[in-house]
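run-v8.cif (mmCIF, C-alpha atoms and all ligand atoms)
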data_data
loop_
_atom_site.label_atom_id
_atom_site.label_comp_id
_atom_site.auth_asym_id
_atom_site.auth_seq_id
_atom_site.Cartn_x
_atom_site.Cartn_y
_atom_site.Cartn_z
CA MET X 155 -12.13 10.52 -6.29
CA LYS X 156 -9.75 8.09 -7.99
CA VAL X 157 -6.08 8.80 -7.32
CA ARG X 158 -4.54 10.52 -10.34
CA GLU X 159 -2.47 8.26 -12.60
CA SER X 160 -3.47 5.17 -10.60
CA GLY X 161 -4.68 3.03 -13.52
CA MET X 162 -3.05 -0.36 -13.86
CA PRO X 163 -1.40 -2.04 -16.86
CA ASP X 164 -2.22 -5.70 -17.57
CA GLU X 165 -1.51 -7.92 -14.60
CA GLU X 166 1.34 -9.80 -16.35
CA VAL X 167 3.12 -6.50 -16.91
CA TRP X 168 2.47 -5.23 -13.36
CA SER X 169 3.66 -8.41 -11.67
CA GLU X 170 7.01 -8.27 -13.47
CA PHE X 171 7.97 -5.21 -11.45
CA PHE X 172 7.91 -6.83 -8.00
CA GLU X 173 9.07 -9.74 -5.88
CA PRO X 174 6.21 -9.44 -3.37
CA LYS X 175 7.47 -12.00 -0.84
CA SER X 176 10.92 -10.49 -0.50
CA ILE X 177 9.45 -6.96 -0.36
CA LEU X 178 7.08 -7.97 2.44
CA LYS X 179 9.98 -9.45 4.38
CA ILE X 180 12.01 -6.26 4.05
CA LEU X 181 9.04 -4.15 5.14
CA GLY X 182 8.45 -6.29 8.23
CA ILE X 183 5.19 -7.95 7.21
CA ASN X 184 5.59 -11.36 8.84
CA LYS X 185 3.81 -13.83 11.11
CA THR X 186 4.03 -11.47 14.08
CA VAL X 187 1.65 -9.02 12.38
CA ARG X 188 -2.06 -9.37 13.03
CA ASP X 189 -4.51 -7.12 11.17
CA ILE X 190 -3.61 -5.15 8.04
CA ALA X 191 -5.22 -2.54 5.80
CA ASP X 192 -4.18 -2.46 2.12
CA PHE X 193 -5.14 0.90 0.55
CA GLY X 194 -5.66 0.39 -3.20
CA CYS X 195 -5.22 -3.37 -3.39
CA GLY X 196 -5.25 -3.49 -7.20
CA TYR X 197 -4.86 -7.05 -8.50
CA GLY X 198 -4.07 -8.27 -4.99
CA THR X 199 -0.39 -8.48 -5.93
CA PHE X 200 0.56 -7.88 -2.30
CA THR X 201 -2.78 -8.59 -0.59
CA ILE X 202 -2.62 -12.31 -1.29
CA PRO X 203 0.93 -12.99 -0.04
CA VAL X 204 0.15 -10.77 2.96
CA ALA X 205 -2.97 -12.80 3.77
CA GLN X 206 -0.87 -15.98 3.53
CA THR X 207 1.60 -14.51 6.01
CA VAL X 208 -0.18 -12.59 8.76
CA ARG X 209 -2.22 -13.94 11.67
CA GLY X 210 -5.24 -11.66 11.39
CA LYS X 211 -7.50 -10.02 8.85
CA VAL X 212 -6.48 -8.18 5.67
CA HIS X 213 -8.82 -5.30 4.78
CA ALA X 214 -8.30 -4.85 1.02
CA ILE X 215 -9.77 -1.55 -0.19
CA ASP X 216 -10.14 -0.38 -3.79
CA ILE X 217 -12.39 2.00 -5.69
CA GLU X 218 -12.52 -0.26 -8.78
CA PRO X 219 -15.04 -3.12 -8.57
CA GLU X 220 -12.94 -5.14 -11.08
CA MET X 221 -9.88 -4.92 -8.84
CA ILE X 222 -11.93 -5.98 -5.83
CA GLU X 223 -13.40 -8.91 -7.79
CA GLU X 224 -9.94 -10.02 -8.88
CA THR X 225 -8.55 -9.87 -5.34
CA LYS X 226 -11.61 -11.71 -3.99
CA ARG X 227 -11.31 -14.39 -6.69
CA LYS X 228 -7.65 -15.00 -5.84
CA ALA X 229 -8.40 -15.19 -2.10
CA GLU X 230 -11.25 -17.68 -2.66
CA LYS X 231 -9.15 -19.81 -5.01
CA ARG X 232 -6.50 -20.11 -2.30
CA LYS X 233 -9.15 -20.63 0.41
CA LEU X 234 -7.95 -17.60 2.33
CA GLY X 235 -10.66 -16.77 4.85
CA ASN X 236 -8.92 -13.67 6.21
CA VAL X 237 -9.32 -11.27 3.25
CA GLU X 238 -12.09 -8.71 3.61
CA THR X 239 -12.57 -6.85 0.32
CA ILE X 240 -14.06 -3.36 0.48
CA THR X 241 -15.18 -1.38 -2.57
CA ARG X 242 -14.69 2.17 -1.39
CA ASP X 243 -13.23 5.56 -2.25
CA PHE X 244 -10.74 6.13 0.54
CA VAL X 245 -9.82 9.58 -0.75
CA SER X 246 -13.33 10.99 -0.37
CA ASP X 247 -14.71 8.69 2.33
CA GLY X 248 -11.73 7.44 4.33
CA SER X 249 -11.19 3.75 4.99
CA GLY X 250 -14.30 3.22 7.12
CA LEU X 251 -12.19 1.23 9.58
CA GLU X 252 -12.38 1.84 13.34
CA ASN X 253 -9.82 3.93 15.23
CA GLU X 254 -6.83 1.84 16.35
CA SER X 255 -8.10 -1.34 14.68
CA VAL X 256 -5.11 -2.57 12.61
CA ASP X 257 -1.41 -3.30 13.18
CA TYR X 258 -0.06 -2.42 9.75
CA VAL X 259 -1.16 -0.09 6.92
CA MET X 260 0.07 -0.63 3.36
CA LEU X 261 0.28 2.42 1.11
CA PHE X 262 1.80 0.77 -1.95
CA ASN X 263 2.18 2.76 -5.17
CA ILE X 264 -0.46 5.25 -4.13
CA LEU X 265 1.21 8.26 -2.49
CA HIS X 266 1.28 10.37 -5.66
CA LEU X 267 -2.29 11.46 -4.90
CA ASN X 268 -3.26 15.11 -4.48
CA ASN X 269 -3.43 15.13 -0.70
CA PRO X 270 -0.99 12.52 0.66
CA GLU X 271 -0.98 14.06 4.15
CA LYS X 272 -4.71 13.35 4.54
CA LEU X 273 -4.23 9.68 3.62
CA LEU X 274 -1.31 9.38 6.03
CA ARG X 275 -3.44 10.85 8.83
CA GLU X 276 -6.13 8.27 8.01
CA ALA X 277 -3.47 5.53 8.23
CA TYR X 278 -2.36 6.91 11.61
CA ARG X 279 -5.95 7.02 12.91
CA ILE X 280 -6.68 3.35 12.21
CA LEU X 281 -3.36 2.01 13.50
CA ARG X 282 -3.00 0.63 17.00
CA ARG X 283 -0.17 1.99 19.17
CA GLY X 284 3.04 0.29 18.07
CA GLY X 285 1.51 -0.36 14.65
CA ARG X 286 3.45 0.29 11.49
CA LEU X 287 3.05 2.08 8.20
CA GLY X 288 4.60 0.60 5.04
CA ILE X 289 5.04 2.70 1.90
CA ILE X 290 6.25 1.56 -1.50
CA HIS X 291 6.76 3.88 -4.42
CA TRP X 292 8.48 4.08 -7.77
CA ASN X 293 11.98 5.49 -7.63
CA TYR X 294 12.21 9.18 -8.40
CA ASP X 295 13.68 8.42 -11.79
CA SER X 296 11.97 9.09 -15.11
CA THR X 297 13.58 6.00 -16.71
CA THR X 298 11.54 3.44 -14.73
CA PRO X 299 9.36 1.36 -17.07
CA ARG X 300 6.12 2.56 -15.37
CA GLY X 301 5.04 4.88 -12.62
CA PRO X 302 3.31 8.24 -12.43
CA PRO X 303 4.82 11.20 -14.29
CA ILE X 304 7.92 12.49 -12.56
CA GLU X 305 6.20 15.86 -11.88
CA ILE X 306 3.77 14.21 -9.47
CA ARG X 307 5.98 11.34 -8.26
CA PRO X 308 7.10 11.81 -4.66
CA ASN X 309 10.67 11.03 -3.67
CA SER X 310 11.44 9.14 -0.49
CA GLU X 311 12.42 12.29 1.45
CA GLN X 312 9.02 13.83 0.70
CA CYS X 313 7.19 10.69 1.83
CA ILE X 314 9.21 10.62 5.05
CA GLU X 315 8.42 14.28 5.71
CA TRP X 316 4.68 13.74 5.10
CA ALA X 317 4.64 10.64 7.30
CA ARG X 318 6.47 12.47 10.09
CA GLY X 319 3.91 15.29 9.80
CA ALA X 320 1.11 12.75 10.26
CA GLY X 321 2.71 11.56 13.51
CA PHE X 322 4.88 8.60 12.47
CA ASN X 323 8.34 8.01 13.98
CA HIS X 324 11.38 5.83 13.35
CA LEU X 325 11.01 6.24 9.59
CA ILE X 326 13.45 4.06 7.68
CA ARG X 327 14.01 3.91 3.93
CA TYR X 328 14.77 0.69 2.04
CA ASP X 329 15.92 0.07 -1.51
CA LEU X 330 13.51 -2.28 -3.28
CA LYS X 331 15.42 -2.98 -6.43
CA PRO X 332 15.07 -2.58 -9.31
CA TYR X 333 12.45 0.17 -9.48
CA HIS X 334 11.08 1.00 -6.03
CA TYR X 335 11.87 2.26 -2.58
CA GLY X 336 10.13 1.34 0.64
CA ILE X 337 9.60 3.20 3.91
CA VAL X 338 8.50 1.87 7.26
CA GLY X 339 7.36 4.06 10.14
CA VAL X 340 5.87 3.46 13.57
CA LYS X 341 2.90 4.90 15.44
CA GLU X 342 4.34 5.06 18.95
C1 LIG T 1 -1.17 1.84 -8.90
S1 LIG T 1 -2.37 0.76 -8.25
C2 LIG T 1 -1.48 -0.04 -6.93
C3 LIG T 1 -2.08 -1.37 -6.55
C4 LIG T 1 -1.36 -2.12 -5.41
N1 LIG T 1 -1.27 -1.29 -4.21
C5 LIG T 1 0.00 -2.58 -5.83
O1 LIG T 1 0.99 -1.90 -5.47
O2 LIG T 1 0.10 -3.59 -6.53
C6 LIG T 1 -3.45 1.85 -7.36
C7 LIG T 1 -4.79 1.22 -6.96
O3 LIG T 1 -5.50 2.18 -6.15
C8 LIG T 1 -6.85 2.19 -6.53
N2 LIG T 1 -7.41 3.52 -6.20
C9 LIG T 1 -7.16 4.69 -6.83
N3 LIG T 1 -7.83 5.67 -6.25
C10 LIG T 1 -8.54 5.13 -5.22
C11 LIG T 1 -9.45 5.66 -4.27
N4 LIG T 1 -9.76 6.96 -4.25
N5 LIG T 1 -10.01 4.82 -3.36
C12 LIG T 1 -9.70 3.48 -3.38
N6 LIG T 1 -8.84 2.92 -4.27
C13 LIG T 1 -8.27 3.73 -5.18
C14 LIG T 1 -6.82 1.91 -8.04
O4 LIG T 1 -8.06 1.43 -8.49
C15 LIG T 1 -5.68 0.90 -8.15
O5 LIG T 1 -6.16 -0.42 -8.06
#

Translate this structure into C-alpha cells?
Ligand SMILES: C[S@@+](CC[C@H](N)C(=O)[O-])C[C@H]1O[C@@H](n2cnc3c(N)ncnc32)[C@H](O)[C@@H]1O
Amino acid sequence: MKVRESGMPDEEVWSEFFEPKSILKILGINKTVRDIADFGCGYGTFTIPVAQTVRGKVHAIDIEPEMIEETKRKAEKRKLGNVETITRDFVSDGSGLENESVDYVMLFNILHLNNPEKLLREAYRILRRGGRLGIIHWNYDSTTPRGPPIEIRPNSEQCIEWARGAGFNHLIRYDLKPYHYGIVGVKE
C-alpha cells in the first residue's frame, strides 16, 4: 500500500528543497558507513550521493517502477556498482532484507504513513548492532512549500517517541534548514 501523500512533484522542484551532501554529513552518513537501506528512494535524490560516499551496498527500495528506473539510470550513468534497486511495497511486505544486514537505514520524507511504528520496527530488525537510523521530515509548519498536510505530518517529538518505542536509543534532533528536521538514533 503506497504511503499516503507520498507522490512526488517534478524532480527540479523536489531537488530545490535539499542540499543532500550537507544533510548526509549532518546525519552521519560518511565513509565509515558500510551498507545502507533507503526506504522510498524516489528520484534517488539521496541514494546517489549516499552510494558515492559509503563503502558498501545501498539497497534502494520504492513501490513505483518509474522511481526505481530513475534511480537505476542515475546509478548506471555514474558507474556506481553498489546500488541495488528493489521494486517493492515495504508497507505491506517489509523490506525483504535479512535481519541485522545493514549499518544505516534512511527513512527520508516517509514517516507520515499510517503505521510509522511498524516501519521503525522493520528498520530496527534489519540493522546490525551499533547501526543507525536516519529520519528526515518536513518541519511541522503549514507554510513549507511542500510536504504532507499538517494533520498527518509528524513533528520531531513524535518521531523520536516512535523510534524509542521501536528500540532506538541516543536519539538526536537536527535542524535541516530551511524546511526539514533530521533525527539520528542508534540500535545498541
Ligand atoms: C515523498 S517521496 C521521498 C523520496 C526520497 N526518500 C527523498 O526524500 O527524496 C516518498 C517515496 O516513497 C515511495 N513509497 C510510497 N509508499 C511506498 C511503499 N509502500 N513501498 C515502497 N515505496 C513507497 C514513493 O513512491 C516515493 O518515491

List all protein, DNA and RNA residues that have at least one atom no more than 8 Å from any atom of ligand LIG 1 (chain T), counting only C-alpha atoms and all ligand atoms, and write them as a PyMOL selection string. chain X and resi 155-162+168-169+192-200+215-218+221+241-246+260-264+290+301

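The neighbours of Ser176 (chain X) here are the residues that come within 12 Å of it, using all atoms listed in the file and leaving out any residue fewer than 2 positions away in the same chain; they are Phe172, Glu173, Pro174, Leu178, Lys179, Ile180, Leu181, Gly182, Ile183, Asn184, Phe200, Pro203, Val204, Asp329, Leu330, Lys331 and Gly336 of chain X.
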
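Closest to Leu281 (chain X) among X:Glu230, X:Thr207, X:Asn253, X:Trp316 is X:Asn253, based on only C-alpha atoms.
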
Taking (-3.4, -1.9, 15.8) in the file's own coordinates, collect the residues within 8 Å, counting only C-alpha atoms, and hand them back as number ranges by chain. X: 189, 254-258, 280-285

Please save C-alpha atoms of the selected residues as a PDB file, in the coordinates of the input.
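This is the output file part.pdb:
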ATOM      1  CA  ASP X 189      -4.510  -7.120  11.170  1.00  0.00           C
ATOM      2  CA  GLU X 254      -6.830   1.840  16.350  1.00  0.00           C
ATOM      3  CA  SER X 255      -8.100  -1.340  14.680  1.00  0.00           C
ATOM      4  CA  VAL X 256      -5.110  -2.570  12.610  1.00  0.00           C
ATOM      5  CA  ASP X 257      -1.410  -3.300  13.180  1.00  0.00           C
ATOM      6  CA  TYR X 258      -0.060  -2.420   9.750  1.00  0.00           C
ATOM      7  CA  ILE X 280      -6.680   3.350  12.210  1.00  0.00           C
ATOM      8  CA  LEU X 281      -3.360   2.010  13.500  1.00  0.00           C
ATOM      9  CA  ARG X 282      -3.000   0.630  17.000  1.00  0.00           C
ATOM     10  CA  ARG X 283      -0.170   1.990  19.170  1.00  0.00           C
ATOM     11  CA  GLY X 284       3.040   0.290  18.070  1.00  0.00           C
ATOM     12  CA  GLY X 285       1.510  -0.360  14.650  1.00  0.00           C
TER      13      GLY X 285
END

Name the residues, using the chain letters and numbers of the file, that sit within 7 Å of (-0.9, 7.8, 12.2) when counting all atoms listed in the file, and give them as a PDB file with C-alpha atoms, in the coordinates of the input.
ATOM      1  CA  LEU X 274      -1.310   9.380   6.030  1.00  0.00           C
ATOM      2  CA  ARG X 275      -3.440  10.850   8.830  1.00  0.00           C
ATOM      3  CA  GLU X 276      -6.130   8.270   8.010  1.00  0.00           C
ATOM      4  CA  ALA X 277      -3.470   5.530   8.230  1.00  0.00           C
ATOM      5  CA  TYR X 278      -2.360   6.910  11.610  1.00  0.00           C
ATOM      6  CA  ARG X 279      -5.950   7.020  12.910  1.00  0.00           C
ATOM      7  CA  LEU X 281      -3.360   2.010  13.500  1.00  0.00           C
ATOM      8  CA  ALA X 320       1.110  12.750  10.260  1.00  0.00           C
ATOM      9  CA  GLY X 321       2.710  11.560  13.510  1.00  0.00           C
ATOM     10  CA  PHE X 322       4.880   8.600  12.470  1.00  0.00           C
ATOM     11  CA  LYS X 341       2.900   4.900  15.440  1.00  0.00           C
TER      12      LYS X 341
END

When you look at Pro308 (chain X) with a cut-off of 7 Å (counting all atoms listed in the file), what residues show up, excluding the ones that are within fewer than 3 positions of it in the same chain? I need them as a PDB file with C-alpha atoms, in the coordinates of the input.
ATOM      1  CA  HIS X 266       1.280  10.370  -5.660  1.00  0.00           C
ATOM      2  CA  TYR X 294      12.210   9.180  -8.400  1.00  0.00           C
ATOM      3  CA  GLN X 312       9.020  13.830   0.700  1.00  0.00           C
ATOM      4  CA  CYS X 313       7.190  10.690   1.830  1.00  0.00           C
TER       5      CYS X 313
END

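Between Pro332 (chain X) and the residues X:Glu170, X:Gly235, X:Pro270, X:Gly248, the shortest atom-to-atom distance, using all atoms listed in the file, involves X:Glu170.
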
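If you look at CA of Asn293 (chain X) and CA of Glu315 (chain X), they are 16.4 Å away from each other.
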
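Shortest separation to Ile240 (chain X) among X:Ile314, X:Leu265, X:Ala205, X:Ala191 occurs at residue X:Ala191, atoms counted being only C-alpha atoms.
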
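You can rank X:Arg286, X:Asn269, X:Val338, X:Ile190 by their closest distance to Thr239 (chain X) using all atoms listed in the file, and at the top of that list sits X:Ile190.
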
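One finds CA of Glu166 (chain X) at 22.5 Å from CA of Lys233 (chain X).
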
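The interatomic distance for the pair CA of Val167 (chain X) and CA of Ala214 (chain X) works out to 21.3 Å.
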
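Distances to Lys175 (chain X) were evaluated for X:Ile202, X:Ala229, X:Leu287, X:Leu273 using all atoms listed in the file, and the minimum falls at X:Ile202.
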
Given 8 Å on each side, where is the centre and what are the edge lengths in Å to one decimal of the axis-aligned box enclosing the listed atoms of region 239-246 of chain X, as lines of an AutoDock Vina configuration file?
center_x = -12.5
center_y = 2.1
center_z = -1.0
size_x = 21.4
size_y = 33.8
size_z = 19.1

Save region 224-236 of chain X to disk from that block, all heavy atoms included, as a JSON list (two decimals), in the first residue's frame.
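New file part-v3.json:
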[["chain", "number", "residue", "atom", "x", "y", "z"],
["X", 224, "GLU", "N", 14.46, 5.53, -12.54],
["X", 224, "GLU", "CA", 15.20, 6.79, -12.50],
["X", 224, "GLU", "C", 16.45, 6.65, -11.61],
["X", 224, "GLU", "O", 17.54, 7.11, -11.97],
["X", 224, "GLU", "CB", 14.26, 7.89, -11.96],
["X", 224, "GLU", "CG", 14.83, 9.28, -11.95],
["X", 224, "GLU", "CD", 15.39, 9.74, -13.29],
["X", 224, "GLU", "OE1", 14.99, 9.22, -14.34],
["X", 224, "GLU", "OE2", 16.26, 10.63, -13.27],
["X", 225, "THR", "N", 16.29, 6.01, -10.47],
["X", 225, "THR", "CA", 17.43, 5.82, -9.57],
["X", 225, "THR", "C", 18.47, 4.92, -10.23],
["X", 225, "THR", "O", 19.68, 5.19, -10.19],
["X", 225, "THR", "CB", 16.95, 5.22, -8.23],
["X", 225, "THR", "OG1", 16.01, 6.14, -7.66],
["X", 225, "THR", "CG2", 18.08, 4.99, -7.26],
["X", 226, "LYS", "N", 17.99, 3.86, -10.88],
["X", 226, "LYS", "CA", 18.90, 2.92, -11.56],
["X", 226, "LYS", "C", 19.65, 3.63, -12.69],
["X", 226, "LYS", "O", 20.86, 3.50, -12.85],
["X", 226, "LYS", "CB", 18.05, 1.77, -12.15],
["X", 226, "LYS", "CG", 18.86, 0.57, -12.55],
["X", 226, "LYS", "CD", 18.03, -0.41, -13.32],
["X", 226, "LYS", "CE", 17.38, -1.43, -12.44],
["X", 226, "LYS", "NZ", 16.64, -2.45, -13.20],
["X", 227, "ARG", "N", 18.93, 4.46, -13.45],
["X", 227, "ARG", "CA", 19.55, 5.19, -14.57],
["X", 227, "ARG", "C", 20.66, 6.11, -14.05],
["X", 227, "ARG", "O", 21.76, 6.14, -14.61],
["X", 227, "ARG", "CB", 18.46, 6.02, -15.27],
["X", 227, "ARG", "CG", 18.88, 6.65, -16.57],
["X", 227, "ARG", "CD", 17.85, 7.65, -17.09],
["X", 227, "ARG", "NE", 17.66, 8.79, -16.21],
["X", 227, "ARG", "CZ", 18.52, 9.80, -16.06],
["X", 227, "ARG", "NH1", 19.63, 9.81, -16.75],
["X", 227, "ARG", "NH2", 18.27, 10.80, -15.22],
["X", 228, "LYS", "N", 20.39, 6.80, -12.96],
["X", 228, "LYS", "CA", 21.40, 7.71, -12.41],
["X", 228, "LYS", "C", 22.63, 6.93, -11.92],
["X", 228, "LYS", "O", 23.76, 7.36, -12.12],
["X", 228, "LYS", "CB", 20.82, 8.51, -11.24],
["X", 228, "LYS", "CG", 19.81, 9.57, -11.65],
["X", 228, "LYS", "CD", 19.54, 10.49, -10.48],
["X", 228, "LYS", "CE", 18.58, 11.60, -10.85],
["X", 228, "LYS", "NZ", 17.22, 11.39, -10.39],
["X", 229, "ALA", "N", 22.37, 5.79, -11.27],
["X", 229, "ALA", "CA", 23.49, 4.98, -10.76],
["X", 229, "ALA", "C", 24.35, 4.47, -11.92],
["X", 229, "ALA", "O", 25.58, 4.53, -11.87],
["X", 229, "ALA", "CB", 22.96, 3.83, -9.92],
["X", 230, "GLU", "N", 23.68, 4.01, -12.99],
["X", 230, "GLU", "CA", 24.44, 3.47, -14.13],
["X", 230, "GLU", "C", 25.23, 4.58, -14.82],
["X", 230, "GLU", "O", 26.40, 4.39, -15.18],
["X", 230, "GLU", "CB", 23.47, 2.80, -15.11],
["X", 230, "GLU", "CG", 23.05, 1.43, -14.60],
["X", 230, "GLU", "CD", 21.91, 0.79, -15.37],
["X", 230, "GLU", "OE1", 21.43, 1.39, -16.35],
["X", 230, "GLU", "OE2", 21.51, -0.31, -14.98],
["X", 231, "LYS", "N", 24.60, 5.74, -14.95],
["X", 231, "LYS", "CA", 25.29, 6.87, -15.61],
["X", 231, "LYS", "C", 26.58, 7.22, -14.88],
["X", 231, "LYS", "O", 27.58, 7.56, -15.49],
["X", 231, "LYS", "CB", 24.34, 8.07, -15.63],
["X", 231, "LYS", "CG", 24.84, 9.23, -16.43],
["X", 231, "LYS", "CD", 23.78, 10.30, -16.59],
["X", 231, "LYS", "CE", 24.42, 11.57, -17.13],
["X", 231, "LYS", "NZ", 23.66, 12.76, -16.75],
["X", 232, "ARG", "N", 26.52, 7.11, -13.56],
["X", 232, "ARG", "CA", 27.71, 7.46, -12.74],
["X", 232, "ARG", "C", 28.59, 6.24, -12.47],
["X", 232, "ARG", "O", 29.50, 6.30, -11.64],
["X", 232, "ARG", "CB", 27.26, 8.09, -11.42],
["X", 232, "ARG", "CG", 26.66, 9.48, -11.62],
["X", 232, "ARG", "CD", 25.83, 9.92, -10.43],
["X", 232, "ARG", "NE", 25.23, 11.22, -10.65],
["X", 232, "ARG", "CZ", 24.13, 11.47, -11.38],
["X", 232, "ARG", "NH1", 23.49, 10.45, -11.96],
["X", 232, "ARG", "NH2", 23.65, 12.68, -11.54],
["X", 233, "LYS", "N", 28.26, 5.12, -13.09],
["X", 233, "LYS", "CA", 29.01, 3.87, -12.94],
["X", 233, "LYS", "C", 29.13, 3.46, -11.47],
["X", 233, "LYS", "O", 30.20, 3.03, -11.01],
["X", 233, "LYS", "CB", 30.40, 3.99, -13.58],
["X", 233, "LYS", "CG", 30.35, 4.31, -15.07],
["X", 233, "LYS", "CD", 31.66, 4.03, -15.74],
["X", 233, "LYS", "CE", 31.71, 4.25, -17.23],
["X", 233, "LYS", "NZ", 30.51, 4.62, -17.96],
["X", 234, "LEU", "N", 28.03, 3.60, -10.75],
["X", 234, "LEU", "CA", 28.01, 3.19, -9.34],
["X", 234, "LEU", "C", 27.56, 1.73, -9.28],
["X", 234, "LEU", "O", 26.40, 1.43, -9.57],
["X", 234, "LEU", "CB", 27.06, 4.09, -8.54],
["X", 234, "LEU", "CG", 27.49, 5.53, -8.36],
["X", 234, "LEU", "CD1", 26.35, 6.38, -7.81],
["X", 234, "LEU", "CD2", 28.69, 5.59, -7.41],
["X", 235, "GLY", "N", 28.47, 0.85, -8.90],
["X", 235, "GLY", "CA", 28.13, -0.57, -8.88],
["X", 235, "GLY", "C", 27.53, -1.02, -7.56],
["X", 235, "GLY", "O", 27.21, -2.20, -7.38],
["X", 236, "ASN", "N", 27.34, -0.10, -6.63],
["X", 236, "ASN", "CA", 26.90, -0.51, -5.29],
["X", 236, "ASN", "C", 25.44, -0.16, -4.99],
["X", 236, "ASN", "O", 25.02, -0.19, -3.84],
["X", 236, "ASN", "CB", 27.81, 0.11, -4.22],
["X", 236, "ASN", "CG", 27.81, 1.63, -4.24],
["X", 236, "ASN", "OD1", 27.40, 2.24, -5.21],
["X", 236, "ASN", "ND2", 28.27, 2.23, -3.15]]
